[in-house]
Amino acid sequence: MSVQAQVLNLLKELQTEFGLTYIFISHDLSVVKFMSDRAIVMNKGKIEEIGTAERIYRQPQQAYTRQLIAAIPTGNLARIREQQLGRSAAVSQLAQQPVSPADDSKYP
């Protein structure tokens, strides 16, 4: 599970447990749908659409909202997870490589 997914799940749990309200800002409408009961879609500082997150996601009324939804990546979930694991492994390998101390002679 990605760090983002873990954080979002924790926020949802805290929201349920403590009755919290969030103002959540994102360009990713799939995340907005997961996190929000109601949503506002804005474009260049102006409101394009207001409604329940579910309705906006399922029946967008404005062209801009439809474009945002169309931009959500789709694909085979197993392939996406495999790509994420590959990126995580690559980052772990980089983190394990020794770092040479800076050569002070290169800097005045």
# chains A, B, ... in the order shown; residues from 1 in each chain; ligands from 1
call {"tool": "residues_around", "arguments": {"residues": "Ala70 (chain A)", "least_positions_apart": "2", "cutoff": "12 Å", "atoms": "only C-alpha atoms", "output": "list in words"}}
result
Asp28, Leu29, Ser30, Tyr57, Arg58, Pro60, Ala63, Tyr64, Thr65, Arg66, Gln67, Leu68, Ile72, Pro73 and Thr74 of chain A
call {"tool": "write_last_selection", "arguments": {"atoms": "C-alpha atoms", "output": "PDB file, in the first residue's frame"}}
result
ATOM      1  CA  ASP A  28      -6.975  13.923  -8.402  1.00  0.00           C
ATOM      2  CA  LEU A  29     -10.745  13.450  -8.538  1.00  0.00           C
ATOM      3  CA  SER A  30     -10.489   9.774  -7.603  1.00  0.00           C
ATOM      4  CA  TYR A  57     -17.682  11.746 -10.369  1.00  0.00           C
ATOM      5  CA  ARG A  58     -20.505   9.704 -11.967  1.00  0.00           C
ATOM      6  CA  PRO A  60     -20.173  15.488 -14.392  1.00  0.00           C
ATOM      7  CA  ALA A  63     -16.664  19.959 -19.699  1.00  0.00           C
ATOM      8  CA  TYR A  64     -13.767  20.835 -17.388  1.00  0.00           C
ATOM      9  CA  THR A  65     -14.945  18.274 -14.817  1.00  0.00           C
ATOM     10  CA  ARG A  66     -15.234  15.646 -17.548  1.00  0.00           C
ATOM     11  CA  GLN A  67     -11.645  16.441 -18.612  1.00  0.00           C
ATOM     12  CA  LEU A  68     -10.372  15.995 -15.049  1.00  0.00           C
ATOM     13  CA  ILE A  72      -7.544   9.759 -14.079  1.00  0.00           C
ATOM     14  CA  PRO A  73      -5.176   6.894 -14.929  1.00  0.00           C
ATOM     15  CA  THR A  74      -6.864   3.596 -15.642  1.00  0.00           C
TER      16      THR A  74
END
call {"tool": "residues_around", "arguments": {"residues": "Arg55 (chain A)", "least_positions_apart": "6", "cutoff": "10 Å", "atoms": "only C-alpha atoms", "output": "JSON, numbers by chain"}}
result
{"A": [33, 37, 38, 39, 61]}
call {"tool": "residues_around", "arguments": {"residues": "region 10-14 of chain A", "least_positions_apart": "4", "cutoff": "7 Å", "atoms": "only C-alpha atoms", "output": "PyMOL selection string"}}
result
chain A and resi 6+18+35
call {"tool": "atom_distance", "arguments": {"atom1": "CA of Ser36 (chain A)", "atom2": "CA of Gly51 (chain A)"}}
result
10.5 Å
